[in-house]
$ cat model15.cif   # mmCIF, C-alpha atoms
data_query
#
loop_
_atom_site.group_PDB
_atom_site.id
_atom_site.type_symbol
_atom_site.label_atom_id
_atom_site.label_comp_id
_atom_site.auth_asym_id
_atom_site.auth_seq_id
_atom_site.Cartn_x
_atom_site.Cartn_y
_atom_site.Cartn_z
ATOM 1 C CA MET A 1 96.533 118.879 101.323
ATOM 2 C CA LYS A 2 94.908 122.179 102.217
ATOM 3 C CA LEU A 3 97.111 125.049 101.085
ATOM 4 C CA ILE A 4 94.817 127.685 102.575
ATOM 5 C CA ASN A 5 93.302 126.904 105.961
ATOM 6 C CA ARG A 6 91.850 128.781 108.920
ATOM 7 C CA LYS A 7 95.273 129.323 110.444
ATOM 8 C CA ASN A 8 96.936 130.904 107.420
ATOM 9 C CA PHE A 9 93.887 132.552 105.804
ATOM 10 C CA ILE A 10 94.465 135.997 107.331
ATOM 11 C CA SER A 11 98.205 135.945 106.675
ATOM 12 C CA ILE A 12 97.595 135.026 103.009
ATOM 13 C CA VAL A 13 95.069 137.867 102.692
ATOM 14 C CA CYS A 14 97.609 140.261 104.275
ATOM 15 C CA ILE A 15 100.442 139.133 101.994
ATOM 16 C CA SER A 16 98.287 139.404 98.832
ATOM 17 C CA PHE A 17 96.978 142.806 99.961
ATOM 18 C CA THR A 18 100.499 144.128 100.628
ATOM 19 C CA LEU A 19 101.835 142.821 97.304
ATOM 20 C CA VAL A 20 98.963 144.296 95.281
ATOM 21 C CA VAL A 21 99.169 147.668 97.080
ATOM 22 C CA CYS A 22 102.951 147.780 96.561
ATOM 23 C CA GLY A 23 102.443 146.923 92.876
ATOM 24 C CA LYS A 24 99.801 149.640 92.579
ATOM 25 C CA LEU A 25 102.065 152.259 94.207
ATOM 26 C CA ILE A 26 105.087 151.319 92.078
ATOM 27 C CA LEU A 27 103.003 151.423 88.894
ATOM 28 C CA GLU A 28 101.476 154.775 89.860
ATOM 29 C CA GLY A 29 104.932 156.130 90.681
ATOM 30 C CA LEU A 30 106.307 155.020 87.324
ATOM 31 C CA MET A 31 103.354 156.389 85.363
ATOM 32 C CA GLY A 32 103.099 159.620 87.383
ATOM 33 C CA PHE A 33 99.426 158.835 88.047
ATOM 34 C CA THR A 34 97.560 160.310 91.024
ATOM 35 C CA ASP A 35 94.744 158.164 92.369
ATOM 36 C CA LYS A 36 91.749 160.363 93.213
ATOM 37 C CA ASN A 37 89.945 157.550 94.996
ATOM 38 C CA TYR A 38 92.968 156.369 96.942
ATOM 39 C CA THR A 39 91.154 155.340 100.148
ATOM 40 C CA MET A 40 88.300 153.608 98.351
ATOM 41 C CA ASN A 41 90.715 151.698 96.117
ATOM 42 C CA ILE A 42 92.784 150.543 99.083
ATOM 43 C CA PHE A 43 89.627 149.107 100.664
ATOM 44 C CA ALA A 44 88.622 147.612 97.321
ATOM 45 C CA ILE A 45 91.991 145.807 97.145
ATOM 46 C CA LEU A 46 91.462 144.509 100.678
ATOM 47 C CA GLY A 47 87.963 143.310 99.736
ATOM 48 C CA PHE A 48 89.254 141.518 96.647
ATOM 49 C CA SER A 49 92.145 139.960 98.545
ATOM 50 C CA ILE A 50 89.603 138.438 100.933
ATOM 51 C CA ILE A 51 87.225 137.307 98.143
ATOM 52 C CA ILE A 52 89.932 135.739 95.977
ATOM 53 C CA THR A 53 91.662 134.009 98.921
ATOM 54 C CA ALA A 54 88.273 132.612 99.992
ATOM 55 C CA VAL A 55 87.586 131.320 96.465
ATOM 56 C CA LEU A 56 91.045 129.749 96.195
ATOM 57 C CA ALA A 57 90.567 128.127 99.615
ATOM 58 C CA LEU A 58 87.644 126.190 98.103
ATOM 59 C CA HIS A 59 90.059 124.509 95.684
ATOM 60 C CA PHE A 60 90.827 121.697 98.150
ATOM 61 C CA TYR A 61 87.144 120.780 98.517
ATOM 62 C CA LEU A 62 86.559 120.860 94.752
ATOM 63 C CA GLN A 63 89.382 118.507 93.757
ATOM 64 C CA LYS A 64 87.060 115.596 93.054
ATOM 65 C CA PHE A 65 85.173 117.603 90.432
ATOM 66 C CA PRO A 66 86.390 118.169 86.862
ATOM 67 C CA LEU A 67 88.563 121.269 86.660
ATOM 68 C CA ILE A 68 86.850 123.199 83.873
ATOM 69 C CA PRO A 69 83.425 123.417 85.609
ATOM 70 C CA VAL A 70 85.292 124.269 88.836
ATOM 71 C CA LEU A 71 87.214 127.097 87.142
ATOM 72 C CA ILE A 72 84.056 128.440 85.500
ATOM 73 C CA GLY A 73 82.167 128.200 88.800
ATOM 74 C CA GLN A 74 84.979 129.956 90.672
ATOM 75 C CA TYR A 75 85.160 132.679 88.039
ATOM 76 C CA LEU A 76 81.404 133.251 88.141
ATOM 77 C CA GLY A 77 81.571 133.314 91.953
ATOM 78 C CA VAL A 78 84.318 135.925 91.924
ATOM 79 C CA VAL A 79 82.541 138.038 89.301
ATOM 80 C CA GLY A 80 79.265 137.781 91.267
ATOM 81 C CA LEU A 81 80.975 138.949 94.444
ATOM 82 C CA THR A 82 82.715 141.727 92.490
ATOM 83 C CA VAL A 83 79.403 142.991 91.118
ATOM 84 C CA ALA A 84 77.899 142.879 94.627
ATOM 85 C CA PHE A 85 80.961 144.670 96.011
ATOM 86 C CA VAL A 86 80.729 147.484 93.427
ATOM 87 C CA LYS A 87 76.953 147.835 93.973
ATOM 88 C CA ILE A 88 77.446 148.173 97.748
ATOM 89 C CA THR A 89 80.315 150.651 97.251
ATOM 90 C CA ASP A 90 78.021 152.648 94.966
ATOM 91 C CA PHE A 91 75.664 153.227 97.900
ATOM 92 C CA ILE A 92 78.432 154.305 100.270
ATOM 93 C CA ALA A 93 80.529 156.528 98.005
ATOM 94 C CA ASP A 94 80.716 157.931 94.498
ATOM 95 C CA THR A 95 82.230 155.543 91.983
ATOM 96 C CA GLU A 96 83.287 156.127 88.414
ATOM 97 C CA THR A 97 80.734 155.443 85.696
ATOM 98 C CA ASN A 98 82.696 152.511 84.306
ATOM 99 C CA ALA A 99 83.744 151.199 87.738
ATOM 100 C CA MET A 100 81.887 147.923 87.181
ATOM 101 C CA ILE A 101 83.660 147.177 83.890
ATOM 102 C CA GLN A 102 87.046 148.125 85.371
ATOM 103 C CA MET A 103 86.509 145.891 88.376
ATOM 104 C CA ILE A 104 85.379 142.917 86.279
ATOM 105 C CA ALA A 105 88.417 143.391 84.027
ATOM 106 C CA SER A 106 90.646 143.573 87.116
ATOM 107 C CA VAL A 107 89.348 140.185 88.171
ATOM 108 C CA THR A 108 89.186 138.563 84.736
ATOM 109 C CA ILE A 109 92.716 139.360 83.550
ATOM 110 C CA PRO A 110 94.578 137.872 86.568
ATOM 111 C CA PHE A 111 92.149 134.926 86.555
ATOM 112 C CA ILE A 112 92.930 134.073 82.908
ATOM 113 C CA ILE A 113 96.685 134.566 83.436
ATOM 114 C CA SER A 114 96.614 132.331 86.535
ATOM 115 C CA ALA A 115 94.639 129.635 84.697
ATOM 116 C CA ILE A 116 97.156 129.668 81.797
ATOM 117 C CA VAL A 117 100.127 129.489 84.199
ATOM 118 C CA TYR A 118 98.392 126.665 86.090
ATOM 119 C CA TYR A 119 97.841 124.676 82.866
ATOM 120 C CA ILE A 120 101.403 125.213 81.630
ATOM 121 C CA ALA A 121 102.814 124.135 85.016
ATOM 122 C CA PHE A 122 100.586 121.047 84.992
ATOM 123 C CA PHE A 123 101.607 119.849 81.516
ATOM 124 C CA ARG A 124 105.279 120.519 82.284
ATOM 125 C CA GLN A 125 104.888 118.449 85.444
ATOM 126 C CA VAL A 126 103.404 115.580 83.415
ATOM 127 C CA ASN A 127 106.281 115.751 80.921
ATOM 128 C CA LYS A 128 108.799 115.699 83.759
ATOM 129 C CA ALA A 129 107.030 112.705 85.311
ATOM 130 C CA ASN A 130 107.238 110.903 81.935
ATOM 131 C CA ASP A 131 110.992 111.544 81.851
ATOM 132 C CA ILE A 132 111.347 110.129 85.378
ATOM 133 C CA LEU A 133 109.236 107.105 84.424
ATOM 134 C CA SER A 134 111.355 106.286 81.394
ATOM 135 C CA GLU A 135 114.472 106.706 83.539
ATOM 136 C CA ILE A 136 113.102 104.343 86.208
ATOM 137 C CA THR A 137 111.952 101.808 83.626
ATOM 138 C CA SER A 138 115.262 101.789 81.747
ATOM 139 C CA GLU A 139 117.163 101.284 85.025
ATOM 140 C CA ASN A 140 115.030 98.255 85.816
ATOM 141 C CA LYS A 141 115.380 96.561 82.442
ATOM 142 C CA MET B 1 130.150 92.266 95.667
ATOM 143 C CA ARG B 2 130.303 90.395 92.388
ATOM 144 C CA PHE B 3 127.364 89.378 90.265
ATOM 145 C CA ILE B 4 127.801 86.274 88.132
ATOM 146 C CA LYS B 5 125.195 85.209 85.578
ATOM 147 C CA THR B 6 125.427 81.606 84.355
ATOM 148 C CA LYS B 7 123.383 80.128 81.523
ATOM 149 C CA GLU B 8 122.361 76.542 82.243
ATOM 150 C CA LYS B 9 120.392 74.457 79.811
ATOM 151 C CA GLY B 10 117.511 72.284 80.973
ATOM 152 C CA LEU B 11 116.663 74.132 84.199
ATOM 153 C CA SER B 12 113.006 73.751 85.223
ATOM 154 C CA GLU B 13 113.081 77.113 87.088
ATOM 155 C CA ASN B 14 115.575 79.981 87.213
ATOM 156 C CA TYR B 15 117.162 80.487 90.627
ATOM 157 C CA LEU B 16 119.424 82.891 92.466
ATOM 158 C CA GLU B 17 122.077 81.688 94.845
ATOM 159 C CA LEU B 18 124.067 83.893 97.203
ATOM 160 C CA HIS B 19 127.518 82.948 98.469
ATOM 161 C CA TYR B 20 128.837 84.847 101.490
ATOM 162 C CA ASP B 21 131.211 84.621 104.409
ATOM 163 C CA LYS B 22 129.782 87.482 106.474
ATOM 164 C CA LEU B 23 126.587 89.408 105.820
ATOM 165 C CA ASP B 24 127.830 92.963 105.313
ATOM 166 C CA ASP B 25 125.541 95.984 104.889
ATOM 167 C CA GLU B 26 125.742 95.896 101.106
ATOM 168 C CA THR B 27 124.733 92.240 100.961
ATOM 169 C CA LYS B 28 121.919 92.801 103.470
ATOM 170 C CA GLU B 29 120.630 95.634 101.275
ATOM 171 C CA TYR B 30 120.607 93.351 98.210
ATOM 172 C CA ILE B 31 118.839 90.599 100.169
ATOM 173 C CA SER B 32 116.204 92.999 101.426
ATOM 174 C CA ARG B 33 115.582 94.271 97.880
ATOM 175 C CA LEU B 34 115.354 90.720 96.567
ATOM 176 C CA ASP B 35 112.989 89.711 99.385
ATOM 177 C CA ASN B 36 110.685 92.521 98.330
ATOM 178 C CA THR B 37 110.968 91.710 94.653
ATOM 179 C CA LEU B 38 110.381 88.014 95.099
ATOM 180 C CA SER B 39 107.545 88.337 97.626
ATOM 181 C CA ASN B 40 104.241 86.819 96.692
ATOM 182 C CA ILE B 41 100.669 87.681 97.538
ATOM 183 C CA GLU B 42 97.717 85.376 97.797
ATOM 184 C CA GLY B 43 94.272 85.898 96.430
ATOM 185 C CA THR B 44 91.225 84.110 95.061
ATOM 186 C CA LEU B 45 90.458 83.427 91.431
ATOM 187 C CA ASP B 46 87.316 81.440 90.561
ATOM 188 C CA ASP B 47 87.151 80.123 94.178
ATOM 189 C CA ARG B 48 90.730 78.857 93.922
ATOM 190 C CA ARG B 49 93.501 80.287 96.068
ATOM 191 C CA ILE B 50 96.374 81.411 93.940
ATOM 192 C CA SER B 51 99.699 83.033 94.639
ATOM 193 C CA LEU B 52 101.251 85.680 92.450
ATOM 194 C CA SER B 53 104.369 87.787 92.497
ATOM 195 C CA VAL B 54 103.793 91.330 93.713
ATOM 196 C CA THR B 55 105.950 92.652 90.910
ATOM 197 C CA ASP B 56 103.508 91.171 88.374
ATOM 198 C CA VAL B 57 100.642 93.259 89.754
ATOM 199 C CA MET B 58 99.843 96.218 87.530
ATOM 200 C CA TYR B 59 97.426 97.847 89.947
ATOM 201 C CA PHE B 60 95.184 97.205 92.914
ATOM 202 C CA GLU B 61 91.612 98.431 92.855
ATOM 203 C CA SER B 62 88.836 98.512 95.383
ATOM 204 C CA VAL B 63 85.322 97.881 94.029
ATOM 205 C CA ASP B 64 82.267 97.527 96.282
ATOM 206 C CA ARG B 65 84.479 97.067 99.352
ATOM 207 C CA LYS B 66 86.371 94.251 97.661
ATOM 208 C CA THR B 67 90.008 94.594 96.670
ATOM 209 C CA PHE B 68 91.337 93.226 93.398
ATOM 210 C CA ALA B 69 94.871 92.803 92.071
ATOM 211 C CA TYR B 70 95.213 93.099 88.302
ATOM 212 C CA THR B 71 98.112 91.467 86.497
ATOM 213 C CA GLU B 72 98.561 91.389 82.743
ATOM 214 C CA LYS B 73 96.486 88.227 82.477
ATOM 215 C CA VAL B 74 94.348 87.760 85.598
ATOM 216 C CA CYS B 75 92.287 89.653 88.123
ATOM 217 C CA VAL B 76 92.586 88.234 91.622
ATOM 218 C CA GLU B 77 90.417 89.082 94.616
ATOM 219 C CA MET B 78 92.472 90.023 97.667
ATOM 220 C CA ARG B 79 91.653 89.834 101.346
ATOM 221 C CA ASP B 80 93.723 92.888 102.230
ATOM 222 C CA THR B 81 92.560 96.475 102.170
ATOM 223 C CA LEU B 82 94.117 99.040 99.861
ATOM 224 C CA LYS B 83 95.646 100.786 102.861
ATOM 225 C CA ASN B 84 97.414 97.612 104.037
ATOM 226 C CA LEU B 85 98.632 96.859 100.531
ATOM 227 C CA LEU B 86 100.020 100.359 100.245
ATOM 228 C CA ASP B 87 101.692 100.072 103.655
ATOM 229 C CA ASN B 88 103.285 96.762 102.683
ATOM 230 C CA TYR B 89 104.273 97.414 99.091
ATOM 231 C CA SER B 90 104.815 101.154 98.674
ATOM 232 C CA GLU B 91 108.568 100.435 98.835
ATOM 233 C CA MET B 92 108.166 98.339 95.689
ATOM 234 C CA GLY B 93 106.784 101.188 93.635
ATOM 235 C CA PHE B 94 103.076 101.137 94.437
ATOM 236 C CA ILE B 95 101.531 104.596 94.595
ATOM 237 C CA ARG B 96 97.951 105.685 95.311
ATOM 238 C CA ILE B 97 96.305 107.408 92.356
ATOM 239 C CA SER B 98 92.716 107.686 93.555
ATOM 240 C CA LYS B 99 90.564 106.755 96.507
ATOM 241 C CA SER B 100 90.097 103.296 95.015
ATOM 242 C CA SER B 101 93.335 102.461 93.155
ATOM 243 C CA ILE B 102 97.044 101.911 93.682
ATOM 244 C CA VAL B 103 99.308 101.592 90.655
ATOM 245 C CA ASN B 104 102.653 99.860 90.174
ATOM 246 C CA VAL B 105 104.969 102.568 88.842
ATOM 247 C CA TYR B 106 107.105 100.006 86.998
ATOM 248 C CA LYS B 107 104.068 98.978 84.935
ATOM 249 C CA ILE B 108 103.310 102.480 83.693
ATOM 250 C CA ASP B 109 104.041 103.161 80.053
ATOM 251 C CA HIS B 110 103.404 106.888 80.068
ATOM 252 C CA LEU B 111 101.240 109.646 81.493
ATOM 253 C CA GLN B 112 99.036 112.132 79.727
ATOM 254 C CA GLY B 113 97.337 115.221 81.103
ATOM 255 C CA ASP B 114 93.791 116.153 80.144
ATOM 256 C CA LEU B 115 92.047 119.533 80.145
ATOM 257 C CA ASN B 116 90.408 118.786 83.473
ATOM 258 C CA MET B 117 93.906 118.399 84.904
ATOM 259 C CA ARG B 118 93.416 114.755 85.631
ATOM 260 C CA VAL B 119 96.308 112.534 84.664
ATOM 261 C CA ILE B 120 95.594 109.569 82.405
ATOM 262 C CA ILE B 121 97.937 106.678 83.218
ATOM 263 C CA PHE B 122 98.646 104.362 80.285
ATOM 264 C CA LEU B 123 99.822 100.981 81.515
ATOM 265 C CA LYS B 124 102.173 98.712 79.581
ATOM 266 C CA ASN B 125 99.311 96.352 78.747
ATOM 267 C CA GLY B 126 97.357 99.192 77.151
ATOM 268 C CA GLU B 127 94.927 99.727 80.035
ATOM 269 C CA LYS B 128 94.149 103.262 81.141
ATOM 270 C CA LEU B 129 93.727 104.526 84.697
ATOM 271 C CA ILE B 130 92.690 107.966 85.836
ATOM 272 C CA MET B 131 94.568 109.801 88.548
ATOM 273 C CA ASN B 132 92.508 112.375 90.403
ATOM 274 C CA ARG B 133 93.851 115.876 90.875
ATOM 275 C CA GLY B 134 93.963 115.380 94.639
ATOM 276 C CA TYR B 135 96.573 112.606 94.378
ATOM 277 C CA LYS B 136 98.753 114.286 91.754
ATOM 278 C CA LYS B 137 101.140 116.039 94.130
ATOM 279 C CA ASP B 138 101.840 112.930 96.223
ATOM 280 C CA PHE B 139 102.258 110.832 93.073
ATOM 281 C CA PHE B 140 104.896 113.128 91.600
ATOM 282 C CA ALA B 141 106.687 113.340 94.960
ATOM 283 C CA GLU B 142 106.747 109.514 95.190
ATOM 284 C CA LEU B 143 108.146 109.286 91.648
ATOM 285 C CA GLU B 144 111.006 111.590 92.623
ATOM 286 C CA LYS B 145 111.589 109.461 95.717
ATOM 287 C CA ILE B 146 111.764 106.248 93.666
ATOM 288 C CA ARG B 147 114.162 107.867 91.209
ATOM 289 C CA GLY B 148 116.378 108.992 94.106
ATOM 290 C CA LYS B 149 116.314 105.511 95.620
ATOM 291 C CA ASN B 150 117.177 103.852 92.306
ATOM 292 C CA LYS B 151 120.129 106.190 91.804
ATOM 293 C CA LYS B 152 121.701 105.081 95.131
#
$ encode --input "model15.cif" --output "structure tokens"
Amino acid sequence: MKLINRKNFISIVCISFTLVVCGKLILEGLMGFTDKNYTMNIFAILGFSIIITAVLALHFYLQKFPLIPVLIGQYLGVVGLTVAFVKITDFIADTETNAMIQMIASVTIPFIISAIVYYIAFFRQVNKANDILSEITSENK
Amino acid sequence: MRFIKTKEKGLSENYLELHYDKLDDETKEYISRLDNTLSNIEGTLDDRRISLSVTDVMYFESVDRKTFAYTEKVCVEMRDTLKNLLDNYSEMGFIRISKSSIVNVYKIDHLQGDLNMRVIIFLKNGEKLIMNRGYKKDFFAELEKIRGKNKK
């Protein structure tokens, strides 16, 4: 089943964008941090929401391939697009000297966390299925 | 409804006998379940037509456009397609696990996940089947459904 399709693509991008921006504002409010590049960062978040949603939308088409190469390929794709995004932004406006590293870290950390959560959920699902199987089998003995 | 088991020596084949005055809903339900359980399928083995109980089938597999039913001892070529088999026998615990296989849930020993997030299905006869990631969600949903049905 396709979780992300043409119909819900934009709404998923909008939801992710809103959540990340809200998170950013709450965090900044708590830390008392003032973002000097507020406008640029807002557009960067929008860009990343689009890139990451697009990459996740590929998941359905990649189900027949082994997961690890798929994850590595998706990660490299996201990092490649991030590098391109930062390079293009560099032409349009001034960016910080370590903008590239910060952006790659911003992509890598959520990617690793998501992968870990995904694996944990998967193995828990298998354990639950084993419990159901033993229940079904014992009922039919 | 009462269920009476009687041990009789010297029987050539076990049999079930149902005594009723009127067929109420409960009895009809039991009959329908028994009909499913006792239904047989026909296939070819070494150019001979043979009949086997659906409940003995561990899994169905499609290879080179041919469909095979695997029991613990034999592999029988079927005339039906996987889709038809699934339509007919999904109520008896058959679930699709890949484009080319359908497994009998009651013949599964246990499941194991691998790093590529495929599920390895260990059957009771020691055979292993691989469930693709694409079929995982439907498989787990079907398992829940079977559990719910069995609890009724």
$ closest_atom_pairs --input "model15.cif" --of "chain B" --to "chain A" --cutoff "6 Å" --atoms "only C-alpha atoms" --output "Markdown table"
| residue | atom | partner | partner_atom | distance |
| --- | --- | --- | --- | --- |
| B:His110 | CA | A:Asn130 | CA | 5.9 |
| B:Asn116 | CA | A:Leu67 | CA | 4.4 |
| B:Arg133 | CA | A:Gln63 | CA | 5.9 |
| B:Gly134 | CA | A:Gln63 | CA | 5.6 |
$ residues_around --input "model15.cif" --residues "Ala54 in chain A" --least-positions-apart "2" --cutoff "12 Å" --atoms "all atoms listed in the file" --output "ChimeraX atom specification"
/A:3-6,8-10,12-13,47-52,56-61,74,77-78,81
$ atom_distance --input "model15.cif" --atom1 "CA of Ala115 in chain A" --atom2 "CA of Val119 in chain B"
17.2 Å
$ resolve_selection --input "model15.cif" --expression "the PyMOL selection byres ((chain B and resi 109) around 7)" --output "NGL selection string"
:B and (107-108 or 110 or 122-124)
$ atom_distance --input "model15.cif" --atom1 "CA of Ser98 in chain B" --atom2 "CA of Lys145 in chain B"
19.1 Å
$ atom_distance --input "model15.cif" --atom1 "CA of Asp138 in chain B" --atom2 "CA of Ile95 in chain B"
8.5 Å
$ residues_around --input "model15.cif" --residues "range 59-75 of chain B" --least-positions-apart "5" --cutoff "6 Å" --atoms "only C-alpha atoms" --output "PyMOL selection string"
chain B and resi 100-104
$ resolve_selection --input "model15.cif" --expression "the PyMOL selection byres ((chain B and resi 18-27) around 12)" --output "list in words"
Met1, Arg2, Phe3, Ile4, Lys5, Tyr15, Leu16, Glu17, Lys28, Glu29, Tyr30, Ile31, Ser32, Arg33, Leu34 and Lys152 of chain B
$ axis_aligned_box --input "model15.cif" --around "range 115-127 of chain A" --padding-each-side "6 Å" --output "JSON"
{"center_x": 100.5, "center_y": 122.6, "center_z": 83.5, "size_x": 23.6, "size_y": 26.1, "size_z": 17.2}
$ residues_around --input "model15.cif" --residues "Tyr135 in chain B" --least-positions-apart "4" --cutoff "9 Å" --atoms "all atoms listed in the file" --output "PyMOL selection string"
chain B and resi 96-99+131+139-140
$ resolve_selection --input "model15.cif" --expression "the PyMOL selection byres ((chain B and resi 44-49) around 9)" --output "CSV table (one decimal) with C-alpha atoms, in the coordinates of the input"
chain,number,residue,atom,x,y,z
B,42,GLU,CA,97.7,85.4,97.8
B,43,GLY,CA,94.3,85.9,96.4
B,50,ILE,CA,96.4,81.4,93.9
B,51,SER,CA,99.7,83.0,94.6
B,74,VAL,CA,94.3,87.8,85.6
B,75,CYS,CA,92.3,89.7,88.1
B,76,VAL,CA,92.6,88.2,91.6
B,77,GLU,CA,90.4,89.1,94.6
B,78,MET,CA,92.5,90.0,97.7
B,79,ARG,CA,91.7,89.8,101.3
$ residues_near_point --input "model15.cif" --point "(82.7, 142.7, 84.4)" --cutoff "12 Å" --atoms "all atoms listed in the file" --output "ChimeraX atom specification"
/A:75-76,78-86,98-109
$ residues_around --input "model15.cif" --residues "Val20 in chain A" --least-positions-apart "4" --cutoff "8 Å" --atoms "only C-alpha atoms" --output "JSON, numbers by chain"
{"A": [16, 24, 45]}
$ residues_near_point --input "model15.cif" --point "(84.8, 157.0, 93.3)" --cutoff "10 Å" --atoms "all atoms listed in the file" --output "list of chain:residue names"
A:Lys36, A:Asn37, A:Tyr38, A:Thr39, A:Met40, A:Asn41, A:Thr89, A:Asp90, A:Ile92, A:Ala93, A:Asp94, A:Thr95, A:Glu96, A:Thr97, A:Ala99
$ decode --input "model15.cif" --residues "range 106-125 of chain A" --atoms "N, CA and C atoms" --output "PDB file, in the first residue's frame"
ATOM      1  N   SER A 106      21.876  17.670  10.432  1.00  0.00           N
ATOM      2  CA  SER A 106      20.417  17.797  10.615  1.00  0.00           C
ATOM      3  C   SER A 106      19.660  16.699   9.888  1.00  0.00           C
ATOM      4  N   VAL A 107      20.267  16.192   8.827  1.00  0.00           N
ATOM      5  CA  VAL A 107      19.618  15.114   8.078  1.00  0.00           C
ATOM      6  C   VAL A 107      19.987  13.755   8.680  1.00  0.00           C
ATOM      7  N   THR A 108      21.267  13.623   9.055  1.00  0.00           N
ATOM      8  CA  THR A 108      21.768  12.331   9.523  1.00  0.00           C
ATOM      9  C   THR A 108      21.121  11.898  10.845  1.00  0.00           C
ATOM     10  N   ILE A 109      21.055  12.835  11.796  1.00  0.00           N
ATOM     11  CA  ILE A 109      20.547  12.467  13.128  1.00  0.00           C
ATOM     12  C   ILE A 109      19.099  11.940  13.058  1.00  0.00           C
ATOM     13  N   PRO A 110      18.157  12.702  12.446  1.00  0.00           N
ATOM     14  CA  PRO A 110      16.791  12.138  12.369  1.00  0.00           C
ATOM     15  C   PRO A 110      16.725  10.845  11.567  1.00  0.00           C
ATOM     16  N   PHE A 111      17.600  10.721  10.553  1.00  0.00           N
ATOM     17  CA  PHE A 111      17.604   9.514   9.717  1.00  0.00           C
ATOM     18  C   PHE A 111      17.978   8.291  10.560  1.00  0.00           C
ATOM     19  N   ILE A 112      19.043   8.440  11.376  1.00  0.00           N
ATOM     20  CA  ILE A 112      19.496   7.321  12.218  1.00  0.00           C
ATOM     21  C   ILE A 112      18.422   6.987  13.267  1.00  0.00           C
ATOM     22  N   ILE A 113      17.864   8.045  13.882  1.00  0.00           N
ATOM     23  CA  ILE A 113      16.821   7.808  14.905  1.00  0.00           C
ATOM     24  C   ILE A 113      15.633   7.079  14.282  1.00  0.00           C
ATOM     25  N   SER A 114      15.220   7.540  13.089  1.00  0.00           N
ATOM     26  CA  SER A 114      14.061   6.904  12.421  1.00  0.00           C
ATOM     27  C   SER A 114      14.354   5.442  12.102  1.00  0.00           C
ATOM     28  N   ALA A 115      15.590   5.187  11.606  1.00  0.00           N
ATOM     29  CA  ALA A 115      15.955   3.807  11.254  1.00  0.00           C
ATOM     30  C   ALA A 115      15.906   2.913  12.497  1.00  0.00           C
ATOM     31  N   ILE A 116      16.420   3.434  13.636  1.00  0.00           N
ATOM     32  CA  ILE A 116      16.421   2.637  14.882  1.00  0.00           C
ATOM     33  C   ILE A 116      14.976   2.354  15.322  1.00  0.00           C
ATOM     34  N   VAL A 117      14.136   3.400  15.284  1.00  0.00           N
ATOM     35  CA  VAL A 117      12.731   3.240  15.690  1.00  0.00           C
ATOM     36  C   VAL A 117      12.044   2.214  14.778  1.00  0.00           C
ATOM     37  N   TYR A 118      12.350   2.308  13.476  1.00  0.00           N
ATOM     38  CA  TYR A 118      11.760   1.412  12.483  1.00  0.00           C
ATOM     39  C   TYR A 118      12.140  -0.046  12.783  1.00  0.00           C
ATOM     40  N   TYR A 119      13.438  -0.256  13.095  1.00  0.00           N
ATOM     41  CA  TYR A 119      13.914  -1.615  13.408  1.00  0.00           C
ATOM     42  C   TYR A 119      13.264  -2.148  14.685  1.00  0.00           C
ATOM     43  N   ILE A 120      13.225  -1.291  15.714  1.00  0.00           N
ATOM     44  CA  ILE A 120      12.642  -1.739  16.995  1.00  0.00           C
ATOM     45  C   ILE A 120      11.183  -2.126  16.779  1.00  0.00           C
ATOM     46  N   ALA A 121      10.446  -1.267  16.036  1.00  0.00           N
ATOM     47  CA  ALA A 121       9.018  -1.530  15.790  1.00  0.00           C
ATOM     48  C   ALA A 121       8.859  -2.843  15.029  1.00  0.00           C
ATOM     49  N   PHE A 122       9.752  -3.082  14.062  1.00  0.00           N
ATOM     50  CA  PHE A 122       9.672  -4.300  13.259  1.00  0.00           C
ATOM     51  C   PHE A 122       9.876  -5.553  14.112  1.00  0.00           C
ATOM     52  N   PHE A 123      10.922  -5.555  14.947  1.00  0.00           N
ATOM     53  CA  PHE A 123      11.198  -6.758  15.747  1.00  0.00           C
ATOM     54  C   PHE A 123      10.121  -6.968  16.825  1.00  0.00           C
ATOM     55  N   ARG A 124       9.557  -5.869  17.324  1.00  0.00           N
ATOM     56  CA  ARG A 124       8.449  -6.013  18.279  1.00  0.00           C
ATOM     57  C   ARG A 124       7.233  -6.617  17.589  1.00  0.00           C
ATOM     58  N   GLN A 125       7.028  -6.205  16.330  1.00  0.00           N
ATOM     59  CA  GLN A 125       5.894  -6.727  15.561  1.00  0.00           C
ATOM     60  C   GLN A 125       6.053  -8.236  15.324  1.00  0.00           C
TER      61      GLN A 125
END
